[in-house]
Amino acid sequence: MPWDNDDKRNFLFFLNDIHPVCVDDGLMGVLAAVSSWDTVAGIVNTARQKNAVARSVKKAQLYFHVPFCERICTFCNCAKYLLQRPSDIDEYIKALTRQMMLMAPVLKGMDTDSIFFGGGTPSILDEQQMTRVLDGIDNSFPAVDRKIFIEIHPSSWTESKLALLSGRGLYRLSVGVQSLDGKVLERVSRTQTRKKTLWCLSSARKVGVPHVNVDFIAGLPGQTVKGLMKDIKVVIEEGANIIDVQPYSGPSLKALCGPKETVPAFIKRRDAMMKTVTQVLHETGFRRKGIWESYSLHGEGDYGASYKEESYGRLEEAVAAFGPFARGQFPGAVFYRSGRLKAAAGLTEVSAVKLDPGYTLAHYALLAIIKDNGVDEQVFFKRFGVSLEGHCGEGLRYLQQSGLIIFSKGKWKFSGEWDLRRIREYFALSRVLFGEDLLLRLRIHFRKLYNPKRDYCGGNSLLKSYADNALMSVYYKMGC
Ligand SMILES: C[S@@+](CC[C@H](N)C(=O)[O-])C[C@H]1O[C@@H](n2cnc3c(N)ncnc32)[C@H](O)[C@@H]1O
Ligand code: SF4
């Protein structure tokens with residue numbers, strides 16, 4: 001598919017925003033006029049090789065947002081549209097293909113094995129449409145081994161879609177269940193039947209999909225602790241080995257309450273569910289993984305985490321995101337695509353937020369300490385070309401003296417088992433590692449965007465995407 005010089009120029013600005021690469025205006029003009037897009041990509045890649053952080057990123061996860069739904073659930077805070085015409089999906093696939101072709105040469109040489117389909121409702125694509133998207137991905141991002149992660153709605157999932165995707169590397173099937181109680185589902189305008197939902201799980205296990213995830217929401221109108229626990233037991237029996245329970249949340253707490261329910265009563269009901277879920281899943285052998293409310297039966301290591309759990313906040317992996325509302329991450333920046341379908345067809349409507357380089361390094365150290373079993377001095381140096389000692393050695397020793405972290409076998413580690421609920425420990429680590437100076441600047445930045453009356457848990461704003469990365473929202477929630 002051809003693209004003109006304006007497209008190329010805009011894409012260069014985009015690359016300039018998401019990379020720590022400085023392509024000046026003069027060069028931009030020259031580059032936009034060259035006939036081969038590969039040449040442009042080559043120049044950008046060479047510039048990227050000169051930056052240690054950018055150079056260290058060898059893997060780019062590919063994320064495709066499918067924004068359409070057949071029906072809108074009352075509770076939903078995802079980025080989606082009600083599908084108006086089936087032809088909208090074909091237009092969308094054309095846009096995706098175009099975005100992929102522009103991005104492909106830039107990611108050349110990177111590992112792009114893992115692809116994520118999120119939504120909206122990716123299972124709304126029929127077999128031919130899915131095939132077209134997968135072929136487009138194979139053309140633009142060839143890979144030997146594929147791992148496909150997909151979110152599905154039980155109502156639009158079929159045996160032939162399962163067969164198609166499992167033949168092409170289906171690795172994690174994430175089933176939007178929310179509740180198995182027909183009355184609860186009716187109240188939130190969801191259509192799936194219990195029988196179909198359970199079939200989605202058992203059929204996936206039967207064909208050997210390694211990771212079968214179920215999404216639940218805790219706190220929906222009419223939902224009880226007992227009911228949710230019963231549902232969880234059933235889906236585990238049907239073969240789910242990852243359970244994701246999100247607390248019901250939205251921009252206004254009042255809107256979340258059931259009829260005649262007060263806000264405090266709602267919070268009490270929702271939080272009782274979350275507490276019981278944690279306890280019961282733990283007793284059943286599930287362990288919380290990552291920083292989200294996701295529990296897995298698998299051991300350490302690769303447990304089929306969804307992209308949101310594992311990629312954001314990881315500096316060694318970029319997320320190349322496609323489609324309306326898609327959110328990506330490159331070394332040094334996060335970006336967010338416009339939700340408008342037309343605008344999203346090109347790469348022009350992208351907001352990028354540059355990350356402070358000092359923050360980027362400290363954030364890496366912090367996440368490695370709490371999530372990756374420690375930050376290794378040699379790995380840090382190799383990756384960033386900066387010594388860990390030089391960047392935050394003093395802070396690490398201070399934390400060691402306070403007993404929060406230990407130094408063992410060349411690594412700084414958290415001294416106990418990490419649990420995000422240990423907010424105070426997180427504060428202490430980040431205060432010391434980020435440094436008051438940087439924190440102050442970040443806080444000023446966030447305060448401008450933050451609305452204390454809003455429940456950020458589960459929102460979809462750019463602030464949220466940044467806050468997820470930085471885990472910063474907790475500062476404001478706690479009023480620090
Ligand atoms: C893209 S949807 C999953 C796939 C498919 N669209 C479906 O609904 O079955 C992503 C998930 O976000 C969660 N979610 C949506 N709105 C939420 C809200 N207000 N509070 C908590 N979780 C929510 C739901 O658990 C949902 O399964
Ligand atoms: S929960 Fe899923 S199906 Fe329902 S509106 Fe949201 S994205 Fe669409």
# chains A, B, ... in the order shown; residues from 1 in each chain; ligands from 1
call {"tool": "residues_around", "arguments": {"residues": "Phe75 in chain A", "least_positions_apart": "4", "cutoff": "10 Å", "atoms": "only C-alpha atoms", "output": "tab-separated table (two decimals) with C-alpha atoms, in the first residue's frame"}}
result
chain	number	residue	atom	x	y	z
A	187	ARG	CA	-28.32	-6.29	34.88
A	188	VAL	CA	-25.08	-5.30	33.18
A	189	SER	CA	-26.39	-6.06	29.69
A	190	ARG	CA	-24.16	-9.02	28.93
A	217	ILE	CA	-15.22	-8.18	38.11
A	220	LEU	CA	-21.12	-5.68	40.03
A	221	PRO	CA	-24.73	-4.84	40.97
A	248	TYR	CA	-15.45	-2.80	39.83
A	249	SER	CA	-14.39	0.77	39.21
A	250	GLY	CA	-15.22	3.83	37.16
A	255	ALA	CA	-22.53	5.19	39.40
A	256	LEU	CA	-21.09	1.87	40.54
call {"tool": "closest_atom_pairs", "arguments": {"of": "chain A", "to": "ligand 1", "cutoff": "8 Å", "atoms": "only C-alpha atoms and all ligand atoms", "output": "tab-separated table"}}
result
residue	atom	partner	partner_atom_place_in_ligand_line	distance
A:Cys69	CA	ligand 1	6 (N)	6.8
A:Cys73	CA	ligand 1	8 (O)	7.6
A:Phe75	CA	ligand 1	19 (N)	4.7
A:Cys76	CA	ligand 1	16 (N)	3.5
A:Asn77	CA	ligand 1	16 (N)	4.2
A:Cys78	CA	ligand 1	15 (C)	5.5
A:Ala79	CA	ligand 1	1 (C)	8.0
A:Gly118	CA	ligand 1	1 (C)	5.8
A:Gly119	CA	ligand 1	1 (C)	4.1
A:Gly120	CA	ligand 1	1 (C)	4.6
A:Thr121	CA	ligand 1	6 (N)	4.1
A:Pro122	CA	ligand 1	6 (N)	7.4
A:Ser123	CA	ligand 1	5 (C)	8.0
A:Glu151	CA	ligand 1	4 (C)	4.9
A:Ile152	CA	ligand 1	4 (C)	4.8
A:His153	CA	ligand 1	9 (O)	3.5
A:Pro154	CA	ligand 1	9 (O)	6.5
A:Ser174	CA	ligand 1	4 (C)	7.5
A:Val175	CA	ligand 1	9 (O)	6.0
A:Gly176	CA	ligand 1	9 (O)	3.2
A:Val177	CA	ligand 1	9 (O)	6.0
A:Gln178	CA	ligand 1	25 (O)	5.5
A:Val214	CA	ligand 1	27 (O)	7.9
A:Asp215	CA	ligand 1	25 (O)	4.6
A:Phe216	CA	ligand 1	25 (O)	5.1
A:Ile217	CA	ligand 1	25 (O)	5.2
A:Ala218	CA	ligand 1	21 (C)	7.5
A:Asp244	CA	ligand 1	25 (O)	7.7
A:Val245	CA	ligand 1	25 (O)	7.1
A:Gln246	CA	ligand 1	21 (C)	4.9
A:Pro247	CA	ligand 1	21 (C)	5.3
A:Tyr248	CA	ligand 1	20 (N)	3.7
A:Ser249	CA	ligand 1	20 (N)	4.2
A:Gly250	CA	ligand 1	19 (N)	5.2
A:Cys457	CA	ligand 1	20 (N)	7.9
A:Gly458	CA	ligand 1	20 (N)	5.8
A:Gly459	CA	ligand 1	19 (N)	7.8
call {"tool": "select_by_dssp", "arguments": {"residues": "range 84-279 of chain A", "states": "helix (DSSP H, G or I)", "output": "PyMOL selection string"}}
result
chain A and resi 86-107+122-124+127-140+154-156+159-166+182-187+194-206+225-237+253-256+263-279
call {"tool": "closest_residue", "arguments": {"among": "A:Glu159, A:Lys230, A:Glu283, A:Gly393", "to": "Trp199 in chain A", "atoms": "only C-alpha atoms"}}
result
A:Glu159
call {"tool": "residues_around", "arguments": {"residues": "range 259-271 of chain A", "least_positions_apart": "2", "cutoff": "7 Å", "atoms": "only C-alpha atoms", "output": "ChimeraX atom specification"}}
result
/A:218-219,247,253-254,257,273-275
call {"tool": "write_last_selection", "arguments": {"atoms": "C-alpha atoms", "output": "short mmCIF file (atom, residue, chain, number, x, y, z; two decimals), in the first residue's frame"}}
result
data_model
loop_
_atom_site.label_atom_id
_atom_site.label_comp_id
_atom_site.auth_asym_id
_atom_site.auth_seq_id
_atom_site.Cartn_x
_atom_site.Cartn_y
_atom_site.Cartn_z
CA ALA A 218 -15.83 -7.93 41.85
CA GLY A 219 -18.66 -5.64 42.97
CA PRO A 247 -12.42 -4.42 41.48
CA LEU A 253 -18.23 5.77 42.61
CA LYS A 254 -21.92 6.65 42.86
CA CYS A 257 -23.54 1.35 43.40
CA MET A 273 -15.01 -9.71 47.60
CA MET A 274 -11.46 -8.75 46.75
CA LYS A 275 -10.24 -9.85 50.17
#
call {"tool": "residues_around", "arguments": {"residues": "range 387-390 of chain A", "least_positions_apart": "3", "cutoff": "10 Å", "atoms": "only C-alpha atoms", "output": "number ranges by chain"}}
result
A: 361-362, 365, 375-384, 393-397
call {"tool": "closest_residue", "arguments": {"among": "A:Asn139, A:Ser114, A:Thr131, A:Ser156", "to": "ligand 2", "atoms": "only C-alpha atoms and all ligand atoms"}}
result
A:Ser156
